[in-house]
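As provided, model34.csv (CSV, C-alpha atoms and all ligand atoms) reads as follows.
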chain,number,residue,atom,x,y,z
A,1,MET,CA,220.5,-30.3,96.8
A,2,SER,CA,219.5,-27.2,94.9
A,3,LEU,CA,217.8,-24.4,96.8
A,4,ILE,CA,215.6,-23.7,93.8
A,5,THR,CA,213.3,-26.7,93.9
A,6,LEU,CA,210.4,-26.0,91.6
A,7,GLU,CA,208.3,-29.2,92.1
A,8,HIS,CA,207.0,-29.6,95.6
A,9,GLY,CA,205.6,-32.6,97.5
A,10,ARG,CA,202.2,-32.6,99.1
A,11,THR,CA,203.6,-31.8,102.6
A,12,ALA,CA,205.8,-28.9,101.4
A,13,TYR,CA,202.8,-27.6,99.5
A,14,ALA,CA,200.6,-27.6,102.6
A,15,LEU,CA,203.4,-26.1,104.7
A,16,ASP,CA,203.6,-23.2,102.3
A,17,PHE,CA,200.0,-22.3,102.9
A,18,LEU,CA,200.7,-22.4,106.7
A,19,ALA,CA,203.8,-20.2,106.2
A,20,ILE,CA,201.7,-17.6,104.3
A,21,ALA,CA,199.0,-17.7,107.0
A,22,ALA,CA,201.5,-17.4,109.8
A,23,ALA,CA,203.2,-14.4,108.0
A,24,GLY,CA,199.8,-12.7,107.5
A,25,THR,CA,198.8,-13.3,111.2
A,26,GLY,CA,202.2,-12.0,112.4
A,27,LEU,CA,202.0,-8.8,110.2
A,28,GLY,CA,198.4,-8.2,111.2
A,29,ALA,CA,199.3,-8.4,114.9
A,30,ILE,CA,202.3,-6.1,114.5
A,31,ALA,CA,200.2,-3.6,112.5
A,32,ILE,CA,197.6,-3.5,115.3
A,33,VAL,CA,200.2,-3.1,118.1
A,34,ALA,CA,202.3,-0.6,116.2
A,35,GLY,CA,199.2,1.3,115.2
A,36,GLY,CA,198.2,1.5,118.8
A,37,GLU,CA,201.6,2.8,119.9
A,38,THR,CA,201.7,5.5,117.1
A,39,GLY,CA,198.0,6.5,117.7
A,40,ALA,CA,197.0,5.5,114.1
A,41,SER,CA,193.2,5.1,113.7
A,42,PRO,CA,191.9,1.6,112.9
A,43,GLY,CA,190.4,3.1,109.7
A,44,TRP,CA,193.9,4.1,108.5
A,45,THR,CA,195.2,0.7,109.3
A,46,VAL,CA,192.4,-1.0,107.3
A,47,ALA,CA,193.0,1.5,104.4
A,48,LEU,CA,196.7,0.6,104.3
A,49,ALA,CA,195.9,-3.1,104.3
A,50,LEU,CA,193.4,-2.6,101.4
A,51,GLY,CA,196.1,-0.7,99.6
A,52,GLY,CA,198.5,-3.6,100.1
A,53,LEU,CA,195.9,-6.0,98.8
A,54,LEU,CA,195.3,-3.9,95.7
A,55,ALA,CA,199.1,-3.6,95.2
A,56,TRP,CA,199.3,-7.4,95.4
A,57,THR,CA,196.8,-7.9,92.6
A,58,LEU,CA,199.0,-5.6,90.3
A,59,ILE,CA,202.2,-7.4,91.5
A,60,GLU,CA,200.5,-10.8,90.7
A,61,TYR,CA,199.5,-9.6,87.2
A,62,THR,CA,202.8,-8.0,86.4
A,63,LEU,CA,204.9,-10.9,87.6
A,64,HIS,CA,202.8,-13.4,85.7
A,65,ARG,CA,202.6,-11.5,82.4
A,66,PHE,CA,206.0,-9.9,82.2
A,67,VAL,CA,208.3,-12.1,84.3
A,68,LEU,CA,206.9,-15.6,84.2
A,69,HIS,CA,205.9,-15.2,80.5
A,70,GLY,CA,208.7,-12.9,79.5
A,71,LEU,CA,212.0,-13.2,81.4
A,72,GLN,CA,214.4,-16.2,81.6
A,73,PRO,CA,214.9,-18.3,83.6
A,74,PHE,CA,211.4,-17.6,85.1
A,75,ARG,CA,209.8,-18.2,81.7
A,76,ARG,CA,211.4,-21.6,81.4
A,77,TRP,CA,210.3,-22.5,85.0
A,78,HIS,CA,206.7,-21.3,84.4
A,79,THR,CA,206.5,-23.2,81.1
A,80,LEU,CA,206.8,-26.4,83.2
A,81,HIS,CA,203.7,-25.4,85.0
A,82,HIS,CA,201.9,-24.9,81.7
A,83,GLN,CA,203.1,-28.3,80.4
A,84,ARG,CA,202.1,-30.1,83.7
A,85,PRO,CA,199.4,-28.0,85.3
A,86,GLY,CA,198.5,-30.8,87.7
A,87,ALA,CA,202.0,-30.9,89.3
A,88,ARG,CA,202.9,-28.7,92.2
A,89,ILE,CA,205.4,-26.5,90.3
A,90,TYR,CA,206.0,-23.0,91.6
A,91,ALA,CA,208.8,-20.7,92.9
A,92,PRO,CA,209.8,-21.7,96.5
A,93,THR,CA,208.0,-19.7,99.2
A,94,TRP,CA,211.4,-18.6,100.7
A,95,LEU,CA,212.1,-16.9,97.4
A,96,SER,CA,208.7,-15.1,97.1
A,97,GLY,CA,208.7,-14.3,100.8
A,98,SER,CA,212.2,-12.8,100.5
A,99,LEU,CA,210.9,-10.6,97.6
A,100,VAL,CA,208.1,-9.3,99.8
A,101,VAL,CA,210.5,-8.5,102.7
A,102,VAL,CA,213.0,-6.8,100.4
A,103,GLY,CA,210.6,-5.1,98.0
A,104,VAL,CA,207.8,-4.1,100.4
A,105,LEU,CA,208.4,-4.5,104.1
A,106,LEU,CA,212.0,-3.2,104.5
A,107,PRO,CA,211.6,0.0,102.3
A,108,LEU,CA,208.3,1.0,104.0
A,109,TRP,CA,209.8,0.3,107.5
A,110,LEU,CA,213.0,2.2,106.7
A,111,TYR,CA,211.4,5.2,104.9
A,112,VAL,CA,208.0,5.4,106.6
A,113,ASP,CA,207.4,3.4,109.8
A,114,LEU,CA,206.7,-0.1,111.2
A,115,HIS,CA,203.0,0.4,111.4
A,116,VAL,CA,202.7,1.3,107.7
A,117,ALA,CA,205.1,-1.5,106.7
A,118,ALA,CA,203.2,-4.1,108.7
A,119,ALA,CA,199.7,-3.0,107.6
A,120,VAL,CA,200.6,-2.8,103.9
A,121,GLY,CA,202.6,-6.1,104.2
A,122,PHE,CA,199.5,-7.7,105.8
A,123,GLY,CA,197.4,-6.7,102.7
A,124,VAL,CA,200.1,-8.0,100.3
A,125,VAL,CA,200.4,-11.3,102.2
A,126,ALA,CA,196.5,-11.6,102.3
A,127,GLY,CA,196.5,-11.1,98.5
A,128,ASN,CA,199.2,-13.8,98.1
A,129,MET,CA,197.0,-16.2,100.1
A,130,ALA,CA,194.0,-15.3,97.9
A,131,TYR,CA,196.2,-16.0,94.9
A,132,SER,CA,197.5,-19.3,96.3
A,133,VAL,CA,194.0,-20.6,97.2
A,134,THR,CA,192.5,-19.5,93.9
A,135,HIS,CA,195.3,-21.2,91.9
A,136,HIS,CA,195.0,-24.3,94.1
A,137,VAL,CA,191.3,-24.5,93.3
A,138,ALA,CA,191.9,-24.0,89.6
A,139,HIS,CA,194.3,-26.9,89.4
A,140,HIS,CA,193.6,-29.3,92.3
A,141,SER,CA,189.9,-29.0,93.0
A,142,PRO,CA,187.9,-30.6,90.2
A,143,LEU,CA,184.4,-29.3,89.5
A,144,ARG,CA,181.7,-31.5,90.8
A,145,THR,CA,179.7,-32.4,87.8
A,146,SER,CA,176.0,-33.2,87.6
A,147,ALA,CA,175.3,-36.6,86.1
A,148,ALA,CA,172.4,-35.1,84.1
A,149,THR,CA,174.3,-32.3,82.5
A,150,GLY,CA,178.0,-33.2,82.9
A,151,ASP,CA,178.9,-29.5,82.9
A,152,GLY,CA,180.1,-28.8,86.4
A,153,SER,CA,176.8,-27.3,87.4
A,154,LYS,CA,177.0,-28.8,90.9
A,155,ALA,CA,180.0,-26.6,91.7
A,156,SER,CA,179.6,-23.1,93.1
A,157,ILE,CA,179.6,-20.1,90.7
A,158,TRP,CA,183.0,-18.9,92.1
A,159,HIS,CA,184.5,-22.4,91.7
A,160,ARG,CA,183.3,-22.6,88.1
A,161,ARG,CA,184.5,-19.1,87.3
A,162,VAL,CA,188.0,-19.8,88.7
A,163,HIS,CA,188.2,-22.9,86.5
A,164,GLU,CA,187.0,-20.9,83.5
A,165,TRP,CA,189.3,-17.9,84.0
A,166,HIS,CA,192.5,-19.8,84.7
A,167,GLY,CA,191.5,-22.4,82.1
A,168,LEU,CA,191.4,-19.6,79.5
A,169,HIS,CA,195.0,-18.6,80.4
A,170,HIS,CA,196.2,-22.2,80.1
A,171,GLY,CA,194.1,-22.8,77.1
A,172,THR,CA,195.4,-20.0,74.8
A,173,SER,CA,198.3,-21.5,72.8
A,174,ARG,CA,200.9,-18.9,73.7
A,175,ALA,CA,199.2,-17.8,77.0
A,176,THR,CA,198.4,-14.3,75.8
A,177,ALA,CA,195.4,-13.6,78.0
A,178,GLN,CA,193.9,-13.9,81.5
A,179,PHE,CA,197.1,-13.3,83.5
A,180,GLY,CA,195.3,-12.4,86.7
A,181,VAL,CA,194.5,-15.4,89.0
A,182,SER,CA,192.9,-13.9,92.1
A,183,THR,CA,191.1,-11.1,90.1
A,184,ARG,CA,190.4,-10.2,86.5
A,185,LEU,CA,190.7,-6.5,87.4
A,186,TRP,CA,194.1,-5.8,85.7
A,187,ASP,CA,193.2,-8.0,82.7
A,188,CYS,CA,190.2,-5.7,82.1
A,189,VAL,CA,192.5,-2.6,82.6
A,190,PHE,CA,195.2,-3.8,80.3
A,191,GLY,CA,193.1,-5.4,77.6
A,192,THR,CA,194.0,-9.1,78.2
A,193,GLU,CA,190.5,-10.1,79.5
A,194,ARG,CA,188.9,-12.9,77.5
A,195,ALA,CA,186.3,-14.4,79.8
A,196,ARG,CA,182.6,-14.2,78.7
A,197,PRO,CA,179.8,-13.9,81.2
A,198,LEU,CA,179.3,-17.2,82.9
A,199,ARG,CA,175.5,-17.3,82.8
A,200,ARG,CA,175.5,-17.9,79.1
A,201,ARG,CA,177.5,-21.1,79.4
A,202,TYR,CA,176.2,-22.6,82.6
A,203,ARG,CA,172.5,-22.2,82.1
A,204,PRO,CA,170.8,-25.1,83.9
A,205,ALA,CA,169.4,-27.8,81.7
A,206,SER,CA,165.6,-27.5,81.5
B,301,ZN,ZN,201.1,-18.5,82.9
B,302,ZN,ZN,198.1,-22.3,86.5

For this file, produce the structure as structure tokens.
Ligand SMILES: [Zn+2]
Ligand SMILES: [Zn+2]
Amino acid sequence: MSLITLEHGRTAYALDFLAIAAAGTGLGAIAIVAGGETGASPGWTVALALGGLLAWTLIEYTLHRFVLHGLQPFRRWHTLHHQRPGARIYAPTWLSGSLVVVGVLLPLWLYVDLHVAAAVGFGVVAGNMAYSVTHHVAHHSPLRTSAATGDGSKASIWHRRVHEWHGLHHGTSRATAQFGVSTRLWDCVFGTERARPLRRRYRPAS
């Protein structure tokens, strides 16, 4: 059996969410305990976590735009997701988790300290969870449509926006826009933002 299994069953998919939640909880606990031992202020711990969260959003944008849409074999793997957006196709969590350990946790632990590594790591993992939930909603949580308008107006604004934003990415023929999933921040910064204000399109029928 290959270690790189791209299409996942329902159970493995649910377990991946649990694994991310467990990793985040563990890192949060370590950050609090290590922060207490080193005398770090709670404000500093929160700032480090927010820094990790912001770093995640840039990692997410960069990986999606330049690796998943630019570099083989990742590009070929990601094309499968674009061809079958309803299937649970994604890089295995052991692989993304190892990248976070090797690329974020270990360098910070070795060159700074455990508290900084755990607090920043908590932010990165929280961002990964935000990405996972948002991508799940975009593909596996259909909009509840109103019988009167048929336009998804019974769904929450966030739910509709997630569908709109990620739909724009999947909808462009060569996927040249809307690379951010959990946030549009870096699309705005790097000029790949295509979404229009939602209010114009979801005005309630009168
Ligand atoms: Zn894509
Ligand atoms: Zn997608």

* Within 12 Å of ligand ZN 302 (chain B), which residues show up when you count only C-alpha atoms and all ligand atoms? List them as a ChimeraX atom specification, please. => /A:64,68,78-90,131-140,162-171,175,178-182

How would the residues just chosen look if you wrote them out with C-alpha atoms as a short mmCIF file (atom, residue, chain, number, x, y, z; two decimals), in the frame of the given file?
data_model
loop_
_atom_site.label_atom_id
_atom_site.label_comp_id
_atom_site.auth_asym_id
_atom_site.auth_seq_id
_atom_site.Cartn_x
_atom_site.Cartn_y
_atom_site.Cartn_z
CA HIS A 64 202.80 -13.40 85.70
CA LEU A 68 206.90 -15.60 84.20
CA HIS A 78 206.70 -21.30 84.40
CA THR A 79 206.50 -23.20 81.10
CA LEU A 80 206.80 -26.40 83.20
CA HIS A 81 203.70 -25.40 85.00
CA HIS A 82 201.90 -24.90 81.70
CA GLN A 83 203.10 -28.30 80.40
CA ARG A 84 202.10 -30.10 83.70
CA PRO A 85 199.40 -28.00 85.30
CA GLY A 86 198.50 -30.80 87.70
CA ALA A 87 202.00 -30.90 89.30
CA ARG A 88 202.90 -28.70 92.20
CA ILE A 89 205.40 -26.50 90.30
CA TYR A 90 206.00 -23.00 91.60
CA TYR A 131 196.20 -16.00 94.90
CA SER A 132 197.50 -19.30 96.30
CA VAL A 133 194.00 -20.60 97.20
CA THR A 134 192.50 -19.50 93.90
CA HIS A 135 195.30 -21.20 91.90
CA HIS A 136 195.00 -24.30 94.10
CA VAL A 137 191.30 -24.50 93.30
CA ALA A 138 191.90 -24.00 89.60
CA HIS A 139 194.30 -26.90 89.40
CA HIS A 140 193.60 -29.30 92.30
CA VAL A 162 188.00 -19.80 88.70
CA HIS A 163 188.20 -22.90 86.50
CA GLU A 164 187.00 -20.90 83.50
CA TRP A 165 189.30 -17.90 84.00
CA HIS A 166 192.50 -19.80 84.70
CA GLY A 167 191.50 -22.40 82.10
CA LEU A 168 191.40 -19.60 79.50
CA HIS A 169 195.00 -18.60 80.40
CA HIS A 170 196.20 -22.20 80.10
CA GLY A 171 194.10 -22.80 77.10
CA ALA A 175 199.20 -17.80 77.00
CA GLN A 178 193.90 -13.90 81.50
CA PHE A 179 197.10 -13.30 83.50
CA GLY A 180 195.30 -12.40 86.70
CA VAL A 181 194.50 -15.40 89.00
CA SER A 182 192.90 -13.90 92.10
#

Show me as a PDB file with C-alpha atoms, in the coordinates of the input the residues that reach within 10 Å of (194.0, -1.8, 104.3), counting only C-alpha atoms and using the file's own coordinates.
ATOM      1  CA  PRO A  42     191.900   1.600 112.900  1.00  0.00           C
ATOM      2  CA  GLY A  43     190.400   3.100 109.700  1.00  0.00           C
ATOM      3  CA  TRP A  44     193.900   4.100 108.500  1.00  0.00           C
ATOM      4  CA  THR A  45     195.200   0.700 109.300  1.00  0.00           C
ATOM      5  CA  VAL A  46     192.400  -1.000 107.300  1.00  0.00           C
ATOM      6  CA  ALA A  47     193.000   1.500 104.400  1.00  0.00           C
ATOM      7  CA  LEU A  48     196.700   0.600 104.300  1.00  0.00           C
ATOM      8  CA  ALA A  49     195.900  -3.100 104.300  1.00  0.00           C
ATOM      9  CA  LEU A  50     193.400  -2.600 101.400  1.00  0.00           C
ATOM     10  CA  GLY A  51     196.100  -0.700  99.600  1.00  0.00           C
ATOM     11  CA  GLY A  52     198.500  -3.600 100.100  1.00  0.00           C
ATOM     12  CA  LEU A  53     195.900  -6.000  98.800  1.00  0.00           C
ATOM     13  CA  LEU A  54     195.300  -3.900  95.700  1.00  0.00           C
ATOM     14  CA  VAL A 116     202.700   1.300 107.700  1.00  0.00           C
ATOM     15  CA  ALA A 119     199.700  -3.000 107.600  1.00  0.00           C
ATOM     16  CA  VAL A 120     200.600  -2.800 103.900  1.00  0.00           C
ATOM     17  CA  GLY A 121     202.600  -6.100 104.200  1.00  0.00           C
ATOM     18  CA  PHE A 122     199.500  -7.700 105.800  1.00  0.00           C
ATOM     19  CA  GLY A 123     197.400  -6.700 102.700  1.00  0.00           C
ATOM     20  CA  VAL A 124     200.100  -8.000 100.300  1.00  0.00           C
TER      21      VAL A 124
END

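When all atoms listed in the file are used to compute distances to ligand ZN 301 (chain B), the closest of the residues A:Arg174, A:Arg184, A:Arg10, A:His115 turns out to be A:Arg174.
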
* **atom CA of A:Ala195 to atom CA of A:His69, straight-line distance in Å** => 19.6 Å

* May I ask which of the residues A:Val125, A:Ala177, A:Leu71, A:Ala117 is the closest one to ligand ZN 301 (chain B), counting all atoms listed in the file? =>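 Closest to ligand ZN 301 (chain B), using all atoms listed in the file: A:Ala177.
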